$ cat structure.cif   # mmCIF, C-alpha atoms
data_work
loop_
_atom_site.group_PDB
_atom_site.id
_atom_site.type_symbol
_atom_site.label_atom_id
_atom_site.label_comp_id
_atom_site.auth_asym_id
_atom_site.auth_seq_id
_atom_site.Cartn_x
_atom_site.Cartn_y
_atom_site.Cartn_z
ATOM 1 C CA MET T 248 0.000 0.000 0.000
ATOM 2 C CA PRO T 249 1.187 3.610 -0.502
ATOM 3 C CA ARG T 250 2.622 5.345 2.522
ATOM 4 C CA LEU T 251 0.025 7.007 4.745
ATOM 5 C CA LYS T 252 0.937 10.555 5.717
ATOM 6 C CA ILE T 253 -0.513 11.915 8.959
ATOM 7 C CA GLY T 254 -0.622 15.697 9.315
ATOM 8 C CA THR T 255 -0.423 17.288 12.742
ATOM 9 C CA ARG T 256 0.757 20.343 14.609
ATOM 10 C CA GLY T 257 4.332 20.125 15.841
ATOM 11 C CA SER T 258 3.776 20.568 19.583
ATOM 12 C CA PRO T 259 4.766 17.692 21.878
ATOM 13 C CA LEU T 260 1.090 16.989 22.634
ATOM 14 C CA ALA T 261 0.027 17.043 18.983
ATOM 15 C CA LEU T 262 2.872 14.701 18.062
ATOM 16 C CA ALA T 263 1.924 12.345 20.905
ATOM 17 C CA GLN T 264 -1.630 12.232 19.541
ATOM 18 C CA ALA T 265 -0.372 11.567 16.021
ATOM 19 C CA ARG T 266 1.827 8.739 17.309
ATOM 20 C CA GLU T 267 -1.171 7.205 19.089
ATOM 21 C CA THR T 268 -3.111 7.318 15.815
ATOM 22 C CA ARG T 269 -0.200 5.774 13.904
ATOM 23 C CA ASP T 270 0.250 3.003 16.470
ATOM 24 C CA ARG T 271 -3.461 2.149 16.428
ATOM 25 C CA LEU T 272 -3.480 1.965 12.617
ATOM 26 C CA ILE T 273 -0.390 -0.245 12.589
ATOM 27 C CA ALA T 274 -1.891 -2.588 15.187
ATOM 28 C CA ALA T 275 -5.299 -2.737 13.484
ATOM 29 C CA HIS T 276 -3.990 -3.483 10.001
ATOM 30 C CA GLY T 277 -0.642 -5.162 10.537
ATOM 31 C CA LEU T 278 1.218 -2.310 8.851
ATOM 32 C CA ALA T 279 4.953 -1.786 8.986
ATOM 33 C CA ALA T 280 6.211 1.300 10.788
ATOM 34 C CA ALA T 281 7.546 2.599 7.474
ATOM 35 C CA ASP T 282 4.028 2.538 6.012
ATOM 36 C CA VAL T 283 2.861 5.468 8.171
ATOM 37 C CA GLU T 284 4.651 8.834 8.266
ATOM 38 C CA ILE T 285 3.943 11.744 10.621
ATOM 39 C CA VAL T 286 4.217 15.181 8.993
ATOM 40 C CA ALA T 287 4.485 18.153 11.389
ATOM 41 C CA ILE T 288 2.875 21.329 10.054
ATOM 42 C CA THR T 289 3.263 24.758 11.673
ATOM 43 C CA THR T 290 -0.039 26.611 11.910
ATOM 44 C CA THR T 291 -0.760 30.317 12.269
ATOM 45 C CA GLY T 292 -1.944 29.658 15.821
ATOM 46 C CA ASP T 293 1.462 28.170 16.631
ATOM 47 C CA ARG T 294 3.377 31.084 15.107
ATOM 48 C CA VAL T 295 1.430 33.937 16.710
ATOM 49 C CA ARG T 296 1.657 33.552 20.482
ATOM 50 C CA ASP T 297 1.682 37.130 21.718
ATOM 51 C CA ARG T 298 -2.023 37.868 21.179
ATOM 52 C CA PRO T 299 -5.303 36.262 22.270
ATOM 53 C CA LEU T 300 -6.902 33.906 19.750
ATOM 54 C CA THR T 301 -9.949 36.173 19.632
ATOM 55 C CA GLU T 302 -7.771 38.902 18.090
ATOM 56 C CA ILE T 303 -6.165 36.811 15.358
ATOM 57 C CA GLY T 304 -9.030 34.728 14.021
ATOM 58 C CA GLY T 305 -10.027 32.004 16.434
ATOM 59 C CA LYS T 306 -9.812 28.234 16.648
ATOM 60 C CA GLY T 307 -9.361 27.616 12.932
ATOM 61 C CA LEU T 308 -5.853 29.066 13.147
ATOM 62 C CA PHE T 309 -4.699 25.758 14.678
ATOM 63 C CA THR T 310 -6.076 23.722 11.767
ATOM 64 C CA LYS T 311 -6.063 25.878 8.615
ATOM 65 C CA GLU T 312 -2.653 24.921 7.210
ATOM 66 C CA ILE T 313 -3.165 21.251 8.087
ATOM 67 C CA GLU T 314 -6.516 21.191 6.308
ATOM 68 C CA GLU T 315 -4.995 22.924 3.281
ATOM 69 C CA ALA T 316 -2.389 20.142 3.089
ATOM 70 C CA LEU T 317 -5.176 17.575 3.372
ATOM 71 C CA LEU T 318 -7.222 19.129 0.563
ATOM 72 C CA ALA T 319 -4.092 19.349 -1.604
ATOM 73 C CA GLY T 320 -3.397 15.639 -1.118
ATOM 74 C CA ASP T 321 -0.059 16.232 0.602
ATOM 75 C CA ILE T 322 -1.331 14.181 3.570
ATOM 76 C CA GLN T 323 -4.062 11.531 3.764
ATOM 77 C CA LEU T 324 -5.302 12.236 7.285
ATOM 78 C CA ALA T 325 -5.061 14.955 9.898
ATOM 79 C CA VAL T 326 -5.030 14.393 13.653
ATOM 80 C CA HIS T 327 -6.579 17.102 15.811
ATOM 81 C CA SER T 328 -7.533 17.808 19.379
ATOM 82 C CA MET T 329 -11.258 17.884 18.705
ATOM 83 C CA LYS T 330 -11.753 20.928 20.916
ATOM 84 C CA ASP T 331 -9.550 22.930 18.484
ATOM 85 C CA LEU T 332 -11.855 22.305 15.524
ATOM 86 C CA PRO T 333 -14.383 24.986 14.507
ATOM 87 C CA ALA T 334 -18.020 23.914 14.537
ATOM 88 C CA ARG T 335 -18.080 23.627 10.742
ATOM 89 C CA LEU T 336 -15.379 21.935 8.686
ATOM 90 C CA PRO T 337 -14.218 23.115 5.253
ATOM 91 C CA GLU T 338 -16.123 21.788 2.251
ATOM 92 C CA GLY T 339 -14.827 18.368 1.232
ATOM 93 C CA LEU T 340 -13.488 17.342 4.646
ATOM 94 C CA GLU T 341 -14.996 15.173 7.404
ATOM 95 C CA ILE T 342 -14.148 13.504 10.710
ATOM 96 C CA ALA T 343 -13.703 9.810 9.931
ATOM 97 C CA ALA T 344 -12.780 8.542 13.399
ATOM 98 C CA VAL T 345 -12.575 9.547 17.047
ATOM 99 C CA LEU T 346 -10.112 7.747 19.312
ATOM 100 C CA PRO T 347 -11.071 6.612 22.839
ATOM 101 C CA ARG T 348 -11.588 9.773 24.847
ATOM 102 C CA GLU T 349 -9.261 10.658 27.697
ATOM 103 C CA ASP T 350 -10.352 12.403 30.905
ATOM 104 C CA ALA T 351 -12.434 15.394 29.744
ATOM 105 C CA ARG T 352 -12.001 17.432 32.943
ATOM 106 C CA ASP T 353 -9.928 20.552 33.463
ATOM 107 C CA ALA T 354 -6.822 20.286 35.595
ATOM 108 C CA PHE T 355 -6.016 22.963 38.183
ATOM 109 C CA LEU T 356 -2.311 23.653 38.641
ATOM 110 C CA SER T 357 -0.992 25.851 41.421
ATOM 111 C CA PRO T 358 2.048 26.027 43.715
ATOM 112 C CA VAL T 359 0.069 27.981 46.329
ATOM 113 C CA ALA T 360 -3.436 26.470 46.539
ATOM 114 C CA ALA T 361 -5.097 23.062 46.597
ATOM 115 C CA GLY T 362 -8.052 24.232 44.519
ATOM 116 C CA ILE T 363 -9.848 27.229 43.031
ATOM 117 C CA MET T 364 -11.609 28.149 46.254
ATOM 118 C CA ASP T 365 -8.307 28.062 48.167
ATOM 119 C CA LEU T 366 -6.554 30.725 46.083
ATOM 120 C CA PRO T 367 -5.639 33.954 47.896
ATOM 121 C CA ASN T 368 -7.922 36.920 47.316
ATOM 122 C CA GLY T 369 -6.972 38.712 44.088
ATOM 123 C CA ALA T 370 -4.627 35.949 42.891
ATOM 124 C CA LYS T 371 -3.572 35.971 39.240
ATOM 125 C CA VAL T 372 -4.786 32.977 37.208
ATOM 126 C CA GLY T 373 -3.359 32.365 33.754
ATOM 127 C CA SER T 374 -5.602 31.128 30.959
ATOM 128 C CA SER T 375 -6.114 31.726 27.235
ATOM 129 C CA SER T 376 -9.634 30.241 27.356
ATOM 130 C CA VAL T 377 -12.650 32.565 27.493
ATOM 131 C CA ARG T 378 -14.663 29.615 28.851
ATOM 132 C CA ARG T 379 -12.329 28.939 31.767
ATOM 133 C CA THR T 380 -12.038 32.650 32.507
ATOM 134 C CA ALA T 381 -15.823 33.116 32.611
ATOM 135 C CA GLN T 382 -16.310 30.015 34.765
ATOM 136 C CA LEU T 383 -13.510 31.119 37.089
ATOM 137 C CA LEU T 384 -15.019 34.591 37.543
ATOM 138 C CA ARG T 385 -18.420 33.029 38.221
ATOM 139 C CA LEU T 386 -16.853 31.089 41.101
ATOM 140 C CA ARG T 387 -14.369 33.739 42.284
ATOM 141 C CA PRO T 388 -15.023 37.254 40.909
ATOM 142 C CA ASP T 389 -12.118 38.543 43.024
ATOM 143 C CA LEU T 390 -9.498 36.644 41.011
ATOM 144 C CA LYS T 391 -7.437 38.338 38.277
ATOM 145 C CA PRO T 392 -7.411 36.489 34.923
ATOM 146 C CA LEU T 393 -4.154 36.759 33.004
ATOM 147 C CA GLN T 394 -3.681 35.897 29.331
ATOM 148 C CA PHE T 395 -1.635 32.645 29.070
ATOM 149 C CA ARG T 396 -0.842 31.489 25.514
ATOM 150 C CA GLY T 397 1.530 28.718 24.451
ATOM 151 C CA ASN T 398 1.751 24.948 24.586
ATOM 152 C CA VAL T 399 1.664 22.855 27.755
ATOM 153 C CA GLU T 400 5.391 23.200 28.442
ATOM 154 C CA THR T 401 5.320 26.991 27.951
ATOM 155 C CA ARG T 402 2.436 27.409 30.381
ATOM 156 C CA LEU T 403 4.120 25.228 32.988
ATOM 157 C CA ARG T 404 7.267 27.351 32.713
ATOM 158 C CA LYS T 405 5.230 30.545 33.209
ATOM 159 C CA LEU T 406 3.635 29.058 36.305
ATOM 160 C CA ASP T 407 7.017 28.001 37.715
ATOM 161 C CA ALA T 408 8.325 31.530 37.074
ATOM 162 C CA GLY T 409 5.555 33.005 39.196
ATOM 163 C CA VAL T 410 3.827 34.879 36.372
ATOM 164 C CA ALA T 411 0.556 33.612 37.853
ATOM 165 C CA GLN T 412 -0.441 31.769 41.010
ATOM 166 C CA ALA T 413 -2.493 29.173 39.112
ATOM 167 C CA THR T 414 -3.480 27.993 35.670
ATOM 168 C CA PHE T 415 -5.688 25.413 33.995
ATOM 169 C CA LEU T 416 -4.853 22.779 31.393
ATOM 170 C CA ALA T 417 -6.839 19.902 29.962
ATOM 171 C CA ALA T 418 -6.232 16.813 32.081
ATOM 172 C CA ALA T 419 -6.185 14.758 28.876
ATOM 173 C CA GLY T 420 -3.164 16.569 27.496
ATOM 174 C CA LEU T 421 -1.180 16.214 30.698
ATOM 175 C CA ASN T 422 -2.039 12.513 30.887
ATOM 176 C CA ARG T 423 -0.983 11.919 27.281
ATOM 177 C CA LEU T 424 2.331 13.675 27.900
ATOM 178 C CA GLY T 425 3.018 11.691 31.071
ATOM 179 C CA LEU T 426 2.720 14.862 33.170
ATOM 180 C CA ALA T 427 -0.176 13.872 35.417
ATOM 181 C CA GLU T 428 1.997 14.543 38.476
ATOM 182 C CA LYS T 429 1.842 18.256 37.617
ATOM 183 C CA ILE T 430 -1.892 18.324 38.379
ATOM 184 C CA THR T 431 -2.750 19.909 41.727
ATOM 185 C CA ALA T 432 -6.417 18.908 41.466
ATOM 186 C CA LEU T 433 -8.917 17.739 38.873
ATOM 187 C CA VAL T 434 -11.744 20.255 38.615
ATOM 188 C CA PRO T 435 -15.160 18.624 39.150
ATOM 189 C CA MET T 436 -17.534 19.060 36.218
ATOM 190 C CA GLU T 437 -20.092 20.473 38.641
ATOM 191 C CA GLN T 438 -17.632 23.333 39.199
ATOM 192 C CA MET T 439 -16.296 23.823 35.657
ATOM 193 C CA LEU T 440 -17.937 22.087 32.710
ATOM 194 C CA PRO T 441 -15.261 21.297 30.090
ATOM 195 C CA ALA T 442 -14.932 22.594 26.548
ATOM 196 C CA VAL T 443 -16.888 20.874 23.807
ATOM 197 C CA ALA T 444 -14.993 17.699 22.751
ATOM 198 C CA GLN T 445 -12.233 18.210 25.350
ATOM 199 C CA GLY T 446 -10.106 15.076 25.725
ATOM 200 C CA ALA T 447 -11.056 13.673 22.305
ATOM 201 C CA ILE T 448 -8.749 13.098 19.337
ATOM 202 C CA GLY T 449 -10.397 13.399 15.921
ATOM 203 C CA ILE T 450 -9.059 12.172 12.596
ATOM 204 C CA GLU T 451 -10.005 14.220 9.527
ATOM 205 C CA ILE T 452 -9.906 13.051 5.904
ATOM 206 C CA ARG T 453 -11.104 14.121 2.466
ATOM 207 C CA SER T 454 -14.749 13.127 2.134
ATOM 208 C CA GLN T 455 -14.075 11.305 -1.141
ATOM 209 C CA ASP T 456 -11.166 9.268 0.233
ATOM 210 C CA ALA T 457 -13.000 5.992 0.826
ATOM 211 C CA ALA T 458 -9.797 3.962 1.159
ATOM 212 C CA THR T 459 -8.456 5.975 4.093
ATOM 213 C CA GLY T 460 -11.932 6.092 5.625
ATOM 214 C CA ALA T 461 -12.084 2.290 5.556
ATOM 215 C CA LEU T 462 -8.728 2.050 7.352
ATOM 216 C CA LEU T 463 -9.873 4.457 10.048
ATOM 217 C CA ALA T 464 -13.167 2.645 10.647
ATOM 218 C CA ALA T 465 -11.176 -0.021 12.490
ATOM 219 C CA ILE T 466 -9.939 2.452 15.118
ATOM 220 C CA ASP T 467 -13.075 4.574 15.534
ATOM 221 C CA HIS T 468 -14.347 4.473 19.128
ATOM 222 C CA ARG T 469 -18.143 4.486 18.925
ATOM 223 C CA GLU T 470 -18.947 5.847 22.395
ATOM 224 C CA SER T 471 -16.474 8.715 22.074
ATOM 225 C CA ALA T 472 -17.716 9.542 18.566
ATOM 226 C CA ILE T 473 -21.347 9.637 19.735
ATOM 227 C CA ALA T 474 -20.559 11.959 22.653
ATOM 228 C CA VAL T 475 -18.470 14.275 20.489
ATOM 229 C CA SER T 476 -21.141 14.473 17.782
ATOM 230 C CA CYS T 477 -23.664 15.615 20.406
ATOM 231 C CA GLU T 478 -21.306 18.238 21.818
ATOM 232 C CA ARG T 479 -20.314 19.594 18.405
ATOM 233 C CA ALA T 480 -23.966 19.875 17.368
ATOM 234 C CA PHE T 481 -24.460 22.044 20.464
ATOM 235 C CA LEU T 482 -21.485 24.178 19.384
ATOM 236 C CA ALA T 483 -22.811 24.516 15.831
ATOM 237 C CA ALA T 484 -26.306 25.514 16.986
ATOM 238 C CA LEU T 485 -24.767 28.371 18.968
ATOM 239 C CA ASP T 486 -22.421 29.397 16.123
ATOM 240 C CA GLY T 487 -19.766 28.955 18.782
ATOM 241 C CA SER T 488 -16.241 30.267 18.339
ATOM 242 C CA CYS T 489 -13.327 31.011 20.636
ATOM 243 C CA ARG T 490 -15.039 34.340 21.376
ATOM 244 C CA THR T 491 -17.958 32.555 23.042
ATOM 245 C CA PRO T 492 -17.644 31.117 26.578
ATOM 246 C CA LEU T 493 -19.240 27.734 25.866
ATOM 247 C CA ALA T 494 -19.018 24.398 27.657
ATOM 248 C CA GLY T 495 -20.569 21.044 26.921
ATOM 249 C CA HIS T 496 -20.202 17.418 27.883
ATOM 250 C CA ALA T 497 -22.036 14.291 26.740
ATOM 251 C CA TRP T 498 -21.638 10.795 28.116
ATOM 252 C CA LEU T 499 -23.254 7.392 27.813
ATOM 253 C CA ASP T 500 -24.841 5.999 30.963
ATOM 254 C CA SER T 501 -26.231 2.431 30.720
ATOM 255 C CA GLY T 502 -27.140 2.953 27.084
ATOM 256 C CA VAL T 503 -28.652 6.425 27.630
ATOM 257 C CA LEU T 504 -26.904 9.498 26.227
ATOM 258 C CA ARG T 505 -26.819 12.394 28.672
ATOM 259 C CA PHE T 506 -25.756 15.946 27.829
ATOM 260 C CA ARG T 507 -25.181 19.186 29.694
ATOM 261 C CA GLY T 508 -24.284 22.436 27.956
ATOM 262 C CA GLN T 509 -23.655 26.047 28.977
ATOM 263 C CA ALA T 510 -23.083 29.489 27.535
ATOM 264 C CA LEU T 511 -21.758 32.219 29.814
ATOM 265 C CA THR T 512 -21.178 35.928 29.666
ATOM 266 C CA HIS T 513 -17.495 36.873 29.680
ATOM 267 C CA ASP T 514 -17.689 38.232 33.208
ATOM 268 C CA GLY T 515 -19.268 35.003 34.491
ATOM 269 C CA VAL T 516 -22.316 36.842 35.866
ATOM 270 C CA HIS T 517 -24.790 35.018 33.633
ATOM 271 C CA CYS T 518 -24.824 31.296 32.822
ATOM 272 C CA PHE T 519 -27.442 29.723 30.545
ATOM 273 C CA GLU T 520 -27.660 25.937 30.788
ATOM 274 C CA ALA T 521 -29.569 23.134 29.090
ATOM 275 C CA THR T 522 -29.589 19.387 29.673
ATOM 276 C CA ARG T 523 -30.830 16.485 27.575
ATOM 277 C CA GLU T 524 -31.035 12.727 27.769
ATOM 278 C CA GLY T 525 -32.074 10.259 25.090
ATOM 279 C CA SER T 526 -31.012 7.685 22.542
ATOM 280 C CA PRO T 527 -27.402 7.644 21.273
ATOM 281 C CA ALA T 528 -28.907 7.480 17.768
ATOM 282 C CA ASP T 529 -30.212 11.038 18.298
ATOM 283 C CA ALA T 530 -26.913 12.468 19.538
ATOM 284 C CA ALA T 531 -26.706 15.314 17.033
ATOM 285 C CA GLY T 532 -30.369 16.194 17.469
ATOM 286 C CA MET T 533 -30.016 16.378 21.247
ATOM 287 C CA GLY T 534 -26.998 18.660 21.014
ATOM 288 C CA ARG T 535 -28.683 20.906 18.453
ATOM 289 C CA GLU T 536 -31.865 21.259 20.523
ATOM 290 C CA ALA T 537 -29.871 22.069 23.669
ATOM 291 C CA GLY T 538 -27.897 24.690 21.741
ATOM 292 C CA GLU T 539 -31.053 26.283 20.383
ATOM 293 C CA GLU T 540 -32.531 26.414 23.904
ATOM 294 C CA VAL T 541 -29.428 28.077 25.339
ATOM 295 C CA LYS T 542 -29.281 30.536 22.435
ATOM 296 C CA ALA T 543 -32.914 31.519 22.952
ATOM 297 C CA ARG T 544 -32.433 31.988 26.693
ATOM 298 C CA GLY T 545 -29.158 33.888 26.439
ATOM 299 C CA GLY T 546 -30.120 36.096 23.527
ATOM 300 C CA ALA T 547 -27.957 39.165 23.045
ATOM 301 C CA LEU T 548 -26.035 38.488 26.265
ATOM 302 C CA ILE T 549 -24.138 35.671 24.563
ATOM 303 C CA ALA T 550 -21.121 37.014 22.660
ATOM 304 C CA TYR T 551 -20.376 35.621 19.191
#

$ encode --input "structure.cif" --output "C-alpha cells"
Amino acid sequence: MPRLKIGTRGSPLALAQARETRDRLIAAHGLAAADVEIVAITTTGDRVRDRPLTEIGGKGLFTKEIEEALLAGDIQLAVHSMKDLPARLPEGLEIAAVLPREDARDAFLSPVAAGIMDLPNGAKVGSSSVRRTAQLLRLRPDLKPLQFRGNVETRLRKLDAGVAQATFLAAAGLNRLGLAEKITALVPMEQMLPAVAQGAIGIEIRSQDAATGALLAAIDHRESAIAVSCERAFLAALDGSCRTPLAGHAWLDSGVLRFRGQALTHDGVHCFEATREGSPADAAGMGREAGEEVKARGGALIAY
C-alpha cells in the first residue's frame, strides 16, 4: 500500500496524539512502521503567540494549514484535538474517526493552593480560554485572569516563574504527555464544565477518500464519537467560536446518552444551561436542541 501521511501540529502533545493514531493503525492493520509517516505542520496559531486567539481569528488558526495540506493531497489524514476544531469543517473534509476519549475534565495547577476556592484573594490565574475565565469569575469574581498562551510546556514554565499563582490545562493533554503529576487537582464538572470535545482526538480526511476512511473505521471508538457528535452539534447551533464562553459534555450511561451544555457571559455573571437525555442514535439532534434552547435563553447576552 502507498505510505500514509498523517498531518499534525508540531507541539509535543500534537505529536503524541499523532503517534497514538499511527500506532493504532499499525496494530489494526498489521502495517509496517515505514508505512505510516507523521508530517508536522506549523499553523498560524502556533506562530502567533503574543495575542489572544480572539484577536487573530479564532480556533481555525490551529487547523487551517493542516486542512490545506489535506485538501491538496499532501497528507491523507489529519489528527486534531477535537476541541480545536471549529463547529463547521471546510467543504470536502470530514471527521472519519474519534479515538477513545481521555479524561475530559480541566486540571487545576498551582504552587500555592489546593483548589480554586483556596486561592488567595486577588490571585492571578493564567488562561487563554474565554470559557475557563468566565467560569472562574463566576466562582471567584475577586481573582485576576491573566492571558496565558503557548503549549503545555510553555504554560508550565510561566507558572514556575511566578507569572501567575495558578493555571488550567486539559487533564487529557497532561495525561498523554506523562505529566499527570503536575496536576494539583482535577476540577469537578459540577464546578467547571469542560470545553466541547475536550479530551477527544479526531481524525479528519477528504470526504471522497473511501480507502483511508475504511482504514480508520477499524480504530473509531463508537462511544467517544457519539458523545463528540452531540457536543459539536451544540457548538454549531450556537455558532460557537473562541469568542464565546461555551461548555458542553455528553456521556453514555447504561445505554442512555446524557448531555449538559452552557453558555456564559465573559464576566461570568450570567450562565445559561440546558440538559438532555435520550437515545445515542439522536446524539446530534439532542446537542442541536440544547444549543437552540441556550441561544434563545441567552439572547444578546451571549457574545459571538

$ resolve_selection --input "structure.cif" --expression "the PyMOL selection byres ((chain T and resi 496) around 6)" --output "ChimeraX atom specification"
/T:495,497,506-507

$ residues_around --input "structure.cif" --residues "range 432-448 of chain T" --least-positions-apart "3" --cutoff "9 Å" --atoms "only C-alpha atoms" --output "PyMOL selection string"
chain T and resi 264+268+326-331+344-357+361-363+378-379+382-383+386+417-420+471-472+474-476+478-479+481-482+492-497+507-509

$ resolve_selection --input "structure.cif" --expression "the PyMOL selection byres ((chain T and resi 512-514) around 8)" --output "ChimeraX atom specification"
/T:377-378,380-381,384-385,491-492,510-511,515-518,548-550

$ resolve_selection --input "structure.cif" --expression "the PyMOL selection byres ((chain T and resi 500) around 12)" --output "short mmCIF file (atom, residue, chain, number, x, y, z; two decimals) with C-alpha atoms, in the coordinates of the input"
data_model
loop_
_atom_site.label_atom_id
_atom_site.label_comp_id
_atom_site.auth_asym_id
_atom_site.auth_seq_id
_atom_site.Cartn_x
_atom_site.Cartn_y
_atom_site.Cartn_z
CA GLU T 470 -18.95 5.85 22.40
CA ALA T 474 -20.56 11.96 22.65
CA ALA T 497 -22.04 14.29 26.74
CA TRP T 498 -21.64 10.80 28.12
CA LEU T 499 -23.25 7.39 27.81
CA SER T 501 -26.23 2.43 30.72
CA GLY T 502 -27.14 2.95 27.08
CA VAL T 503 -28.65 6.42 27.63
CA LEU T 504 -26.90 9.50 26.23
CA ARG T 505 -26.82 12.39 28.67
CA PHE T 506 -25.76 15.95 27.83
CA GLU T 524 -31.04 12.73 27.77
CA GLY T 525 -32.07 10.26 25.09
CA SER T 526 -31.01 7.68 22.54
CA PRO T 527 -27.40 7.64 21.27
#

$ atom_distance --input "structure.cif" --atom1 "CA of Asp365 in chain T" --atom2 "CA of Leu403 in chain T"
19.8 Å

$ residues_near_point --input "structure.cif" --point "(-6.5, 37.3, 34.9)" --cutoff "9 Å" --atoms "all atoms listed in the file" --output "compact mmCIF listing (two decimals) with C-alpha atoms, in the frame of the given file"
# COMPACT_ATOMS: atom_id res chain seq x y z
CA ALA T 370 -4.63 35.95 42.89
CA LYS T 371 -3.57 35.97 39.24
CA VAL T 372 -4.79 32.98 37.21
CA GLY T 373 -3.36 32.36 33.75
CA SER T 374 -5.60 31.13 30.96
CA THR T 380 -12.04 32.65 32.51
CA LEU T 390 -9.50 36.64 41.01
CA LYS T 391 -7.44 38.34 38.28
CA PRO T 392 -7.41 36.49 34.92
CA LEU T 393 -4.15 36.76 33.00
CA GLN T 394 -3.68 35.90 29.33
CA PHE T 395 -1.64 32.65 29.07
CA ALA T 411 0.56 33.61 37.85

$ closest_residue --input "structure.cif" --among "T:Leu332, T:Ala483, T:Ala461, T:Ala360" --to "Leu308 in chain T" --atoms "only C-alpha atoms"
T:Leu332

$ residues_near_point --input "structure.cif" --point "(-17.6, 17.0, 2.6)" --cutoff "12 Å" --atoms "all atoms listed in the file" --output "PyMOL selection string"
chain T and resi 318+335-343+451-456

$ atom_distance --input "structure.cif" --atom1 "CA of Val399 in chain T" --atom2 "CA of Leu260 in chain T"
7.8 Å
